[in-house]
>>> print(open('my_file-v2.pdb').read())   # PDB, C-alpha atoms
ATOM      1  CA  ALA J 199      15.519   8.159   0.746  1.00  0.00           C
ATOM      2  CA  GLN J 200      11.827   8.606   0.269  1.00  0.00           C
ATOM      3  CA  ARG J 201       9.371   9.546   2.960  1.00  0.00           C
ATOM      4  CA  VAL J 202       5.636  10.145   3.034  1.00  0.00           C
ATOM      5  CA  THR J 203       3.938  12.187   5.737  1.00  0.00           C
ATOM      6  CA  GLN J 204       0.254  12.448   6.517  1.00  0.00           C
ATOM      7  CA  VAL J 205      -0.038  15.011   9.288  1.00  0.00           C
ATOM      8  CA  GLN J 206      -3.757  14.500   9.936  1.00  0.00           C
ATOM      9  CA  PRO J 207      -4.145  11.292  11.964  1.00  0.00           C
ATOM     10  CA  THR J 208      -7.917  11.751  11.943  1.00  0.00           C
ATOM     11  CA  GLY J 209     -10.544  13.685  10.037  1.00  0.00           C
ATOM     12  CA  SER J 210     -14.292  14.009   9.979  1.00  0.00           C
ATOM     13  CA  SER J 211     -17.067  15.378   7.830  1.00  0.00           C
ATOM     14  CA  GLN J 212     -20.818  15.466   7.530  1.00  0.00           C
ATOM     15  CA  TRP J 213     -22.684  13.555   4.842  1.00  0.00           C
ATOM     16  CA  GLY J 214     -22.481  15.464   1.567  1.00  0.00           C
ATOM     17  CA  GLU J 215     -19.508  17.639   2.485  1.00  0.00           C
ATOM     18  CA  GLU J 216     -16.290  17.821   0.551  1.00  0.00           C
ATOM     19  CA  VAL J 217     -13.292  16.345   2.372  1.00  0.00           C
ATOM     20  CA  THR J 218      -9.630  17.106   1.820  1.00  0.00           C
ATOM     21  CA  LEU J 219      -6.867  14.836   3.092  1.00  0.00           C
ATOM     22  CA  ASP J 220      -3.283  16.065   2.932  1.00  0.00           C
ATOM     23  CA  CYS J 221      -0.022  14.315   2.139  1.00  0.00           C
ATOM     24  CA  SER J 222       3.548  15.502   1.733  1.00  0.00           C
ATOM     25  CA  TYR J 223       6.490  13.512   0.481  1.00  0.00           C
ATOM     26  CA  GLU J 224      10.217  13.518  -0.004  1.00  0.00           C
ATOM     27  CA  THR J 225      11.968  12.130  -3.041  1.00  0.00           C
ATOM     28  CA  SER J 226      15.012  12.944  -5.113  1.00  0.00           C
ATOM     29  CA  GLU J 227      13.584  11.284  -8.209  1.00  0.00           C
ATOM     30  CA  TYR J 228      12.141  13.231 -11.110  1.00  0.00           C
ATOM     31  CA  PHE J 229       9.746  10.487 -12.177  1.00  0.00           C
ATOM     32  CA  TYR J 230       7.479   9.065  -9.527  1.00  0.00           C
ATOM     33  CA  ARG J 231       3.849   8.336  -8.780  1.00  0.00           C
ATOM     34  CA  ILE J 232       1.662   9.135  -5.798  1.00  0.00           C
ATOM     35  CA  PHE J 233      -1.128   6.698  -5.001  1.00  0.00           C
ATOM     36  CA  TRP J 234      -4.101   6.972  -2.702  1.00  0.00           C
ATOM     37  CA  TYR J 235      -5.514   3.834  -1.121  1.00  0.00           C
ATOM     38  CA  ARG J 236      -8.382   3.406   1.290  1.00  0.00           C
ATOM     39  CA  GLN J 237      -8.239   0.658   3.899  1.00  0.00           C
ATOM     40  CA  LEU J 238     -11.598  -0.752   4.812  1.00  0.00           C
ATOM     41  CA  PHE J 239     -12.409  -1.754   8.377  1.00  0.00           C
ATOM     42  CA  SER J 240     -11.858  -5.348   7.248  1.00  0.00           C
ATOM     43  CA  GLY J 241      -8.248  -4.454   6.423  1.00  0.00           C
ATOM     44  CA  GLU J 242      -8.693  -4.684   2.660  1.00  0.00           C
ATOM     45  CA  MET J 243      -6.738  -2.120   0.611  1.00  0.00           C
ATOM     46  CA  VAL J 244      -8.727  -0.398  -2.129  1.00  0.00           C
ATOM     47  CA  PHE J 245      -7.015   1.628  -4.859  1.00  0.00           C
ATOM     48  CA  LEU J 246      -8.561   5.069  -5.363  1.00  0.00           C
ATOM     49  CA  ILE J 247      -6.457   7.224  -7.659  1.00  0.00           C
ATOM     50  CA  TYR J 248      -2.874   7.986  -8.636  1.00  0.00           C
ATOM     51  CA  GLN J 249      -0.937  11.002  -9.868  1.00  0.00           C
ATOM     52  CA  PRO J 250       2.172  10.657 -12.036  1.00  0.00           C
ATOM     53  CA  SER J 251       4.825  13.291 -11.446  1.00  0.00           C
ATOM     54  CA  PHE J 252       5.151  14.121 -15.131  1.00  0.00           C
ATOM     55  CA  ASP J 253       1.468  15.005 -15.519  1.00  0.00           C
ATOM     56  CA  THR J 254       0.670  18.588 -14.590  1.00  0.00           C
ATOM     57  CA  GLN J 255      -3.067  17.919 -14.637  1.00  0.00           C
ATOM     58  CA  ASN J 256      -4.747  16.959 -11.399  1.00  0.00           C
ATOM     59  CA  GLN J 257      -6.188  13.477 -11.765  1.00  0.00           C
ATOM     60  CA  ARG J 258      -9.848  12.707 -11.230  1.00  0.00           C
ATOM     61  CA  SER J 259     -11.738   9.446 -10.779  1.00  0.00           C
ATOM     62  CA  GLY J 260     -15.402   9.575  -9.904  1.00  0.00           C
ATOM     63  CA  ARG J 261     -15.814  11.437  -6.600  1.00  0.00           C
ATOM     64  CA  TYR J 262     -12.049  11.405  -6.022  1.00  0.00           C
ATOM     65  CA  SER J 263      -9.626  14.004  -7.270  1.00  0.00           C
ATOM     66  CA  VAL J 264      -6.205  15.233  -6.260  1.00  0.00           C
ATOM     67  CA  VAL J 265      -4.595  18.626  -5.888  1.00  0.00           C
ATOM     68  CA  PHE J 266      -0.988  18.079  -6.906  1.00  0.00           C
ATOM     69  CA  GLN J 267       1.539  20.730  -5.918  1.00  0.00           C
ATOM     70  CA  LYS J 268       4.742  19.275  -7.297  1.00  0.00           C
ATOM     71  CA  SER J 269       6.993  22.180  -6.356  1.00  0.00           C
ATOM     72  CA  PHE J 270       5.896  21.857  -2.733  1.00  0.00           C
ATOM     73  CA  LYS J 271       5.977  18.047  -2.858  1.00  0.00           C
ATOM     74  CA  SER J 272       2.470  17.851  -1.586  1.00  0.00           C
ATOM     75  CA  ILE J 273      -0.694  16.235  -2.788  1.00  0.00           C
ATOM     76  CA  SER J 274      -4.201  16.317  -1.377  1.00  0.00           C
ATOM     77  CA  LEU J 275      -7.026  13.858  -1.926  1.00  0.00           C
ATOM     78  CA  VAL J 276     -10.410  15.504  -2.361  1.00  0.00           C
ATOM     79  CA  ILE J 277     -13.560  13.483  -1.835  1.00  0.00           C
ATOM     80  CA  SER J 278     -16.664  15.221  -3.084  1.00  0.00           C
ATOM     81  CA  ALA J 279     -20.101  14.604  -1.593  1.00  0.00           C
ATOM     82  CA  SER J 280     -18.747  12.399   1.193  1.00  0.00           C
ATOM     83  CA  GLN J 281     -20.868   9.521   2.428  1.00  0.00           C
ATOM     84  CA  PRO J 282     -20.740   7.421   5.610  1.00  0.00           C
ATOM     85  CA  GLU J 283     -19.500   4.529   3.441  1.00  0.00           C
ATOM     86  CA  ASP J 284     -16.365   6.582   2.748  1.00  0.00           C
ATOM     87  CA  SER J 285     -15.292   6.155   6.362  1.00  0.00           C
ATOM     88  CA  GLY J 286     -11.999   4.325   6.749  1.00  0.00           C
ATOM     89  CA  THR J 287      -8.278   4.917   6.725  1.00  0.00           C
ATOM     90  CA  TYR J 288      -6.766   6.712   3.745  1.00  0.00           C
ATOM     91  CA  PHE J 289      -3.165   6.124   2.786  1.00  0.00           C
ATOM     92  CA  CYS J 290      -0.926   8.136   0.551  1.00  0.00           C
ATOM     93  CA  ALA J 291       1.917   6.139  -1.024  1.00  0.00           C
ATOM     94  CA  LEU J 292       4.925   7.039  -3.154  1.00  0.00           C
ATOM     95  CA  SER J 293       6.402   4.902  -5.913  1.00  0.00           C
ATOM     96  CA  GLU J 294       9.732   6.143  -7.168  1.00  0.00           C
ATOM     97  CA  LEU J 295      10.282   3.577  -9.873  1.00  0.00           C
ATOM     98  CA  ILE J 296       8.113   3.640 -12.963  1.00  0.00           C
ATOM     99  CA  THR J 297       9.368   0.151 -13.740  1.00  0.00           C
ATOM    100  CA  ASN J 298       8.406  -1.249 -10.357  1.00  0.00           C
ATOM    101  CA  THR J 299       5.181   0.404  -9.392  1.00  0.00           C
ATOM    102  CA  GLY J 300       4.585  -1.833  -6.414  1.00  0.00           C
ATOM    103  CA  LYS J 301       7.617  -0.627  -4.425  1.00  0.00           C
ATOM    104  CA  LEU J 302       5.564   1.725  -2.345  1.00  0.00           C
ATOM    105  CA  THR J 303       6.418   3.948   0.602  1.00  0.00           C
ATOM    106  CA  PHE J 304       3.304   4.589   2.669  1.00  0.00           C
ATOM    107  CA  GLY J 305       2.325   7.344   5.028  1.00  0.00           C
ATOM    108  CA  ASP J 306       0.742   6.444   8.357  1.00  0.00           C
ATOM    109  CA  GLY J 307      -2.737   7.189   7.137  1.00  0.00           C
ATOM    110  CA  THR J 308      -5.664   9.429   8.031  1.00  0.00           C
ATOM    111  CA  VAL J 309      -8.703   7.887   9.689  1.00  0.00           C
ATOM    112  CA  LEU J 310     -11.779   9.518   8.174  1.00  0.00           C
ATOM    113  CA  THR J 311     -15.207   9.434   9.762  1.00  0.00           C
ATOM    114  CA  VAL J 312     -18.160  10.647   7.733  1.00  0.00           C
ATOM    115  CA  LYS J 313     -21.172  11.315   9.931  1.00  0.00           C
ATOM    116  CA  PRO J 314     -24.698  10.747   8.667  1.00  0.00           C
TER     117      PRO J 314
ATOM    118  CA  GLU V  58     -10.805  -9.426 -11.829  1.00  0.00           C
ATOM    119  CA  ALA V  59      -7.306  -9.370 -10.436  1.00  0.00           C
ATOM    120  CA  ALA V  60      -6.958 -11.682  -7.459  1.00  0.00           C
ATOM    121  CA  VAL V  61      -4.338 -12.071  -4.760  1.00  0.00           C
ATOM    122  CA  THR V  62      -5.046 -14.769  -2.197  1.00  0.00           C
ATOM    123  CA  GLN V  63      -3.198 -15.132   1.086  1.00  0.00           C
ATOM    124  CA  SER V  64      -3.118 -18.087   3.410  1.00  0.00           C
ATOM    125  CA  PRO V  65      -3.564 -18.483   6.252  1.00  0.00           C
ATOM    126  CA  ARG V  66      -5.650 -15.427   7.122  1.00  0.00           C
ATOM    127  CA  ASN V  67      -4.831 -15.771  10.799  1.00  0.00           C
ATOM    128  CA  LYS V  68      -1.898 -17.467  12.461  1.00  0.00           C
ATOM    129  CA  VAL V  69      -0.653 -17.854  16.011  1.00  0.00           C
ATOM    130  CA  ALA V  70       2.960 -18.969  16.268  1.00  0.00           C
ATOM    131  CA  VAL V  71       5.337 -19.627  19.143  1.00  0.00           C
ATOM    132  CA  THR V  72       8.548 -17.717  19.636  1.00  0.00           C
ATOM    133  CA  GLY V  73      11.409 -19.483  17.871  1.00  0.00           C
ATOM    134  CA  GLY V  74       9.138 -21.415  15.570  1.00  0.00           C
ATOM    135  CA  LYS V  75       9.123 -21.341  11.780  1.00  0.00           C
ATOM    136  CA  VAL V  76       6.271 -19.571  10.011  1.00  0.00           C
ATOM    137  CA  THR V  77       5.452 -19.611   6.318  1.00  0.00           C
ATOM    138  CA  LEU V  78       2.937 -17.197   4.838  1.00  0.00           C
ATOM    139  CA  SER V  79       1.722 -18.024   1.343  1.00  0.00           C
ATOM    140  CA  CYS V  80       0.459 -15.865  -1.479  1.00  0.00           C
ATOM    141  CA  ASN V  81      -1.065 -16.801  -4.811  1.00  0.00           C
ATOM    142  CA  GLN V  82      -1.966 -14.444  -7.653  1.00  0.00           C
ATOM    143  CA  THR V  83      -3.989 -15.164 -10.766  1.00  0.00           C
ATOM    144  CA  ASN V  84      -3.093 -11.871 -12.470  1.00  0.00           C
ATOM    145  CA  ASN V  85      -0.060 -13.222 -14.326  1.00  0.00           C
ATOM    146  CA  HIS V  86       1.924 -10.322 -12.876  1.00  0.00           C
ATOM    147  CA  ASN V  87       5.680 -10.479 -12.886  1.00  0.00           C
ATOM    148  CA  ASN V  88       6.146  -8.493  -9.678  1.00  0.00           C
ATOM    149  CA  MET V  89       5.024  -9.579  -6.238  1.00  0.00           C
ATOM    150  CA  TYR V  90       5.515  -7.954  -2.852  1.00  0.00           C
ATOM    151  CA  TRP V  91       5.310  -8.632   0.869  1.00  0.00           C
ATOM    152  CA  TYR V  92       4.447  -5.794   3.248  1.00  0.00           C
ATOM    153  CA  ARG V  93       3.783  -5.635   6.963  1.00  0.00           C
ATOM    154  CA  GLN V  94       1.476  -3.211   8.727  1.00  0.00           C
ATOM    155  CA  ASP V  95       1.745  -2.444  12.410  1.00  0.00           C
ATOM    156  CA  THR V  96      -1.179  -0.930  14.261  1.00  0.00           C
ATOM    157  CA  GLY V  97      -1.640   2.743  13.467  1.00  0.00           C
ATOM    158  CA  HIS V  98       0.934   2.767  10.699  1.00  0.00           C
ATOM    159  CA  GLY V  99       1.239   2.375   6.975  1.00  0.00           C
ATOM    160  CA  LEU V 100       2.560  -0.650   5.121  1.00  0.00           C
ATOM    161  CA  ARG V 101       6.292  -1.294   4.927  1.00  0.00           C
ATOM    162  CA  LEU V 102       8.005  -3.353   2.237  1.00  0.00           C
ATOM    163  CA  ILE V 103       9.774  -6.534   3.379  1.00  0.00           C
ATOM    164  CA  HIS V 104      10.673  -8.413   0.190  1.00  0.00           C
ATOM    165  CA  TYR V 105       9.662  -8.356  -3.438  1.00  0.00           C
ATOM    166  CA  SER V 106      10.187 -10.389  -6.582  1.00  0.00           C
ATOM    167  CA  TYR V 107      10.479  -9.694 -10.293  1.00  0.00           C
ATOM    168  CA  GLY V 108       9.513 -13.200 -11.323  1.00  0.00           C
ATOM    169  CA  ALA V 109       9.967 -16.889 -10.630  1.00  0.00           C
ATOM    170  CA  GLY V 110      13.272 -17.569  -8.892  1.00  0.00           C
ATOM    171  CA  SER V 111      13.874 -13.921  -8.019  1.00  0.00           C
ATOM    172  CA  THR V 112      13.719 -12.308  -4.587  1.00  0.00           C
ATOM    173  CA  GLU V 113      14.890  -8.855  -3.553  1.00  0.00           C
ATOM    174  CA  LYS V 114      15.183  -7.145  -0.174  1.00  0.00           C
ATOM    175  CA  GLY V 115      12.807  -4.365   0.606  1.00  0.00           C
ATOM    176  CA  ASP V 116      13.061  -1.747   3.324  1.00  0.00           C
ATOM    177  CA  ILE V 117      12.784  -4.049   6.354  1.00  0.00           C
ATOM    178  CA  PRO V 118      14.070  -7.512   5.353  1.00  0.00           C
ATOM    179  CA  ASP V 119      15.804  -8.530   8.588  1.00  0.00           C
ATOM    180  CA  GLY V 120      14.323 -11.686  10.088  1.00  0.00           C
ATOM    181  CA  TYR V 121      12.476 -12.619   6.908  1.00  0.00           C
ATOM    182  CA  LYS V 122      13.173 -14.724   3.843  1.00  0.00           C
ATOM    183  CA  ALA V 123      11.149 -14.939   0.670  1.00  0.00           C
ATOM    184  CA  SER V 124      10.646 -17.598  -1.974  1.00  0.00           C
ATOM    185  CA  ARG V 125       9.157 -17.304  -5.468  1.00  0.00           C
ATOM    186  CA  PRO V 126       8.933 -20.822  -6.882  1.00  0.00           C
ATOM    187  CA  SER V 127       6.569 -19.877  -9.694  1.00  0.00           C
ATOM    188  CA  GLN V 128       4.913 -16.909 -11.367  1.00  0.00           C
ATOM    189  CA  GLU V 129       1.823 -17.398  -9.232  1.00  0.00           C
ATOM    190  CA  ASN V 130       3.266 -18.076  -5.788  1.00  0.00           C
ATOM    191  CA  PHE V 131       5.315 -15.978  -3.392  1.00  0.00           C
ATOM    192  CA  SER V 132       6.025 -17.035   0.196  1.00  0.00           C
ATOM    193  CA  LEU V 133       7.298 -15.150   3.212  1.00  0.00           C
ATOM    194  CA  ILE V 134       9.287 -17.214   5.691  1.00  0.00           C
ATOM    195  CA  LEU V 135      10.079 -16.422   9.293  1.00  0.00           C
ATOM    196  CA  GLU V 136      12.722 -18.975  10.298  1.00  0.00           C
ATOM    197  CA  LEU V 137      12.764 -17.984  13.966  1.00  0.00           C
ATOM    198  CA  ALA V 138       9.628 -16.034  14.771  1.00  0.00           C
ATOM    199  CA  THR V 139       9.822 -13.338  17.450  1.00  0.00           C
ATOM    200  CA  PRO V 140       7.046 -11.358  19.205  1.00  0.00           C
ATOM    201  CA  SER V 141       8.233  -8.216  17.367  1.00  0.00           C
ATOM    202  CA  GLN V 142       7.052  -9.850  14.150  1.00  0.00           C
ATOM    203  CA  THR V 143       3.464  -9.792  15.359  1.00  0.00           C
ATOM    204  CA  SER V 144       1.753  -7.775  12.642  1.00  0.00           C
ATOM    205  CA  VAL V 145      -0.582  -7.900   9.671  1.00  0.00           C
ATOM    206  CA  TYR V 146       1.124  -9.044   6.488  1.00  0.00           C
ATOM    207  CA  PHE V 147      -0.027  -8.093   3.014  1.00  0.00           C
ATOM    208  CA  CYS V 148       0.935  -9.659  -0.279  1.00  0.00           C
ATOM    209  CA  ALA V 149       0.555  -7.678  -3.496  1.00  0.00           C
ATOM    210  CA  SER V 150       1.133  -8.071  -7.217  1.00  0.00           C
ATOM    211  CA  GLY V 151       1.595  -5.631 -10.060  1.00  0.00           C
ATOM    212  CA  ASP V 152       3.507  -5.006 -13.249  1.00  0.00           C
ATOM    213  CA  ALA V 153       5.796  -2.285 -14.483  1.00  0.00           C
ATOM    214  CA  GLY V 154       3.885   0.837 -15.404  1.00  0.00           C
ATOM    215  CA  ASP V 155       0.623  -0.432 -13.930  1.00  0.00           C
ATOM    216  CA  LYS V 156      -1.508   2.235 -12.360  1.00  0.00           C
ATOM    217  CA  GLU V 157      -2.548  -0.111  -9.595  1.00  0.00           C
ATOM    218  CA  VAL V 158      -1.007  -2.659  -7.294  1.00  0.00           C
ATOM    219  CA  PHE V 159      -3.398  -5.378  -6.178  1.00  0.00           C
ATOM    220  CA  PHE V 160      -3.348  -6.375  -2.535  1.00  0.00           C
ATOM    221  CA  GLY V 161      -4.427  -9.535  -0.784  1.00  0.00           C
ATOM    222  CA  LYS V 162      -6.701  -9.305   2.254  1.00  0.00           C
ATOM    223  CA  GLY V 163      -3.881  -9.712   4.723  1.00  0.00           C
ATOM    224  CA  THR V 164      -2.671 -12.282   7.238  1.00  0.00           C
ATOM    225  CA  ARG V 165      -2.796 -11.475  10.917  1.00  0.00           C
ATOM    226  CA  LEU V 166       0.207 -13.090  12.606  1.00  0.00           C
ATOM    227  CA  THR V 167       0.569 -13.245  16.364  1.00  0.00           C
ATOM    228  CA  VAL V 168       3.813 -14.559  17.825  1.00  0.00           C
ATOM    229  CA  VAL V 169       3.505 -15.557  21.475  1.00  0.00           C
TER     230      VAL V 169
END
>>> encode(input="my_file-v2.pdb", output="structure tokens")
Amino acid sequence: AQRVTQVQPTGSSQWGEEVTLDCSYETSEYFYRIFWYRQLFSGEMVFLIYQPSFDTQNQRSGRYSVVFQKSFKSISLVISASQPEDSGTYFCALSELITNTGKLTFGDGTVLTVKP
Amino acid sequence: EAAVTQSPRNKVAVTGGKVTLSCNQTNNHNNMYWYRQDTGHGLRLIHYSYGAGSTEKGDIPDGYKASRPSQENFSLILELATPSQTSVYFCASGDAGDKEVFFGKGTRLTVV
């Protein structure tokens, strides 16, 4: 069975700082994907970035990047130059099936506050 | 842009009543999903579908049914609503190999 753990229930940073949010996961599959979503205060889920297990390169997308440590089954989301608009809840999610990407197992999220 | 629309956005239901949550997607995706999110937690998968006429059980299907009458529409049905089903429900769509799953804005259901 798969499981996703986000041990930081909350986090904070100052405007312009780099922020790192941690996630660990359990899976017996060789092929899987890890997604990061941000939930706005309205409840809307916004896709940020994903890391496929078979790619050894850390993915990047704009100010978002990941640090993928496959052997430790951990992945961190790094937000560079954080802004108050980045505040919200960040979810890590695991998809074990390449053919059914939307079957996601979510962590409980980290609530990030970026102070001006 | 990919669009997933849920209705209603808010619903108050009585215990023992029947509730139907509707979802429509204009993405022409084969796969659709229903999740619930309880306060302070991540989303959990209830049911999903691979296409019209197909429904599959997710991780927490008890107390819920699903219906996929067409490619665009996917409904979640609570035949006998209970207060424990008070939650926010999200519909999503996506296809095999997609890098992203598209979520609706959620339906807040309160069962009193």
>>> residues_around(input="my_file-v2.pdb", residues="Gly260 in chain J", least_positions_apart="5", cutoff="12 Å", atoms="only C-alpha atoms", output="PyMOL selection string")
chain J and resi 246-247+276-280
>>> resolve_selection(input="my_file-v2.pdb", expression="the ChimeraX specification (/V :<12) & /J", output="PyMOL selection string")
chain J and resi 199-204+207-208+229-250+287-309
>>> closest_residue(input="my_file-v2.pdb", among="J:Gln206, J:Gln267, J:Ser251, J:Gln281", to="Thr218 in chain J", atoms="all atoms listed in the file")
J:Gln206
>>> residues_near_point(input="my_file-v2.pdb", point="(4.9, -10.1, 17.5)", cutoff="8 Å", atoms="all atoms listed in the file", output="VMD selection string")
chain V and resid 139 to 144 166 to 169
>>> atom_distance(input="my_file-v2.pdb", atom1="CA of Gly286 in chain J", atom2="CA of Cys221 in chain J")
16.3 Å
>>> residues_around(input="my_file-v2.pdb", residues="Pro282 in chain J", least_positions_apart="6", cutoff="12 Å", atoms="only C-alpha atoms", output="list of chain:residue names")
J:Ser210, J:Ser211, J:Gln212, J:Trp213, J:Gly214, J:Glu215, J:Leu310, J:Thr311, J:Val312, J:Lys313, J:Pro314
>>> atom_distance(input="my_file-v2.pdb", atom1="CA of Lys75 in chain V", atom2="CA of Leu137 in chain V")
5.4 Å
>>> atom_distance(input="my_file-v2.pdb", atom1="CA of Ile103 in chain V", atom2="CA of Ile273 in chain J")
25.8 Å
>>> resolve_selection(input="my_file-v2.pdb", expression="the PyMOL selection byres ((chain J and resi 254) around 12)", output="PDB file with C-alpha atoms, in the coordinates of the input")
ATOM      1  CA  GLN J 249      -0.937  11.002  -9.868  1.00  0.00           C
ATOM      2  CA  PRO J 250       2.172  10.657 -12.036  1.00  0.00           C
ATOM      3  CA  SER J 251       4.825  13.291 -11.446  1.00  0.00           C
ATOM      4  CA  PHE J 252       5.151  14.121 -15.131  1.00  0.00           C
ATOM      5  CA  ASP J 253       1.468  15.005 -15.519  1.00  0.00           C
ATOM      6  CA  GLN J 255      -3.067  17.919 -14.637  1.00  0.00           C
ATOM      7  CA  ASN J 256      -4.747  16.959 -11.399  1.00  0.00           C
ATOM      8  CA  GLN J 257      -6.188  13.477 -11.765  1.00  0.00           C
ATOM      9  CA  VAL J 264      -6.205  15.233  -6.260  1.00  0.00           C
ATOM     10  CA  VAL J 265      -4.595  18.626  -5.888  1.00  0.00           C
ATOM     11  CA  PHE J 266      -0.988  18.079  -6.906  1.00  0.00           C
ATOM     12  CA  GLN J 267       1.539  20.730  -5.918  1.00  0.00           C
ATOM     13  CA  LYS J 268       4.742  19.275  -7.297  1.00  0.00           C
ATOM     14  CA  SER J 269       6.993  22.180  -6.356  1.00  0.00           C
TER      15      SER J 269
END
>>> residues_near_point(input="my_file-v2.pdb", point="(-0.5, -19.9, 3.8)", cutoff="6 Å", atoms="only C-alpha atoms", output="compact mmCIF listing (two decimals) with C-alpha atoms, keeping the file's coordinate frame")
# COMPACT_ATOMS: atom_id res chain seq x y z
CA SER V 64 -3.12 -18.09 3.41
CA PRO V 65 -3.56 -18.48 6.25
CA LEU V 78 2.94 -17.20 4.84
CA SER V 79 1.72 -18.02 1.34
>>> resolve_selection(input="my_file-v2.pdb", expression="the PyMOL selection byres ((chain V and resi 108) around 10)", output="PDB file with C-alpha atoms, in the frame of the given file")
ATOM      1  CA  HIS V  86       1.924 -10.322 -12.876  1.00  0.00           C
ATOM      2  CA  ASN V  87       5.680 -10.479 -12.886  1.00  0.00           C
ATOM      3  CA  ASN V  88       6.146  -8.493  -9.678  1.00  0.00           C
ATOM      4  CA  MET V  89       5.024  -9.579  -6.238  1.00  0.00           C
ATOM      5  CA  TYR V 105       9.662  -8.356  -3.438  1.00  0.00           C
ATOM      6  CA  SER V 106      10.187 -10.389  -6.582  1.00  0.00           C
ATOM      7  CA  TYR V 107      10.479  -9.694 -10.293  1.00  0.00           C
ATOM      8  CA  ALA V 109       9.967 -16.889 -10.630  1.00  0.00           C
ATOM      9  CA  GLY V 110      13.272 -17.569  -8.892  1.00  0.00           C
ATOM     10  CA  SER V 111      13.874 -13.921  -8.019  1.00  0.00           C
ATOM     11  CA  THR V 112      13.719 -12.308  -4.587  1.00  0.00           C
ATOM     12  CA  ARG V 125       9.157 -17.304  -5.468  1.00  0.00           C
ATOM     13  CA  PRO V 126       8.933 -20.822  -6.882  1.00  0.00           C
ATOM     14  CA  SER V 127       6.569 -19.877  -9.694  1.00  0.00           C
ATOM     15  CA  GLN V 128       4.913 -16.909 -11.367  1.00  0.00           C
ATOM     16  CA  GLU V 129       1.823 -17.398  -9.232  1.00  0.00           C
ATOM     17  CA  ASN V 130       3.266 -18.076  -5.788  1.00  0.00           C
ATOM     18  CA  PHE V 131       5.315 -15.978  -3.392  1.00  0.00           C
TER      19      PHE V 131
END
>>> closest_residue(input="my_file-v2.pdb", among="V:Cys148, V:Gln82, V:Lys114, V:Tyr121", to="Ile134 in chain V", atoms="all atoms listed in the file")
V:Tyr121
>>> axis_aligned_box(input="my_file-v2.pdb", around="range 150-166 of chain V", padding_each_side="8 Å", output="JSON")
{"center_x": -0.5, "center_y": -5.4, "center_z": -1.4, "size_x": 28.5, "size_y": 31.3, "size_z": 44.0}
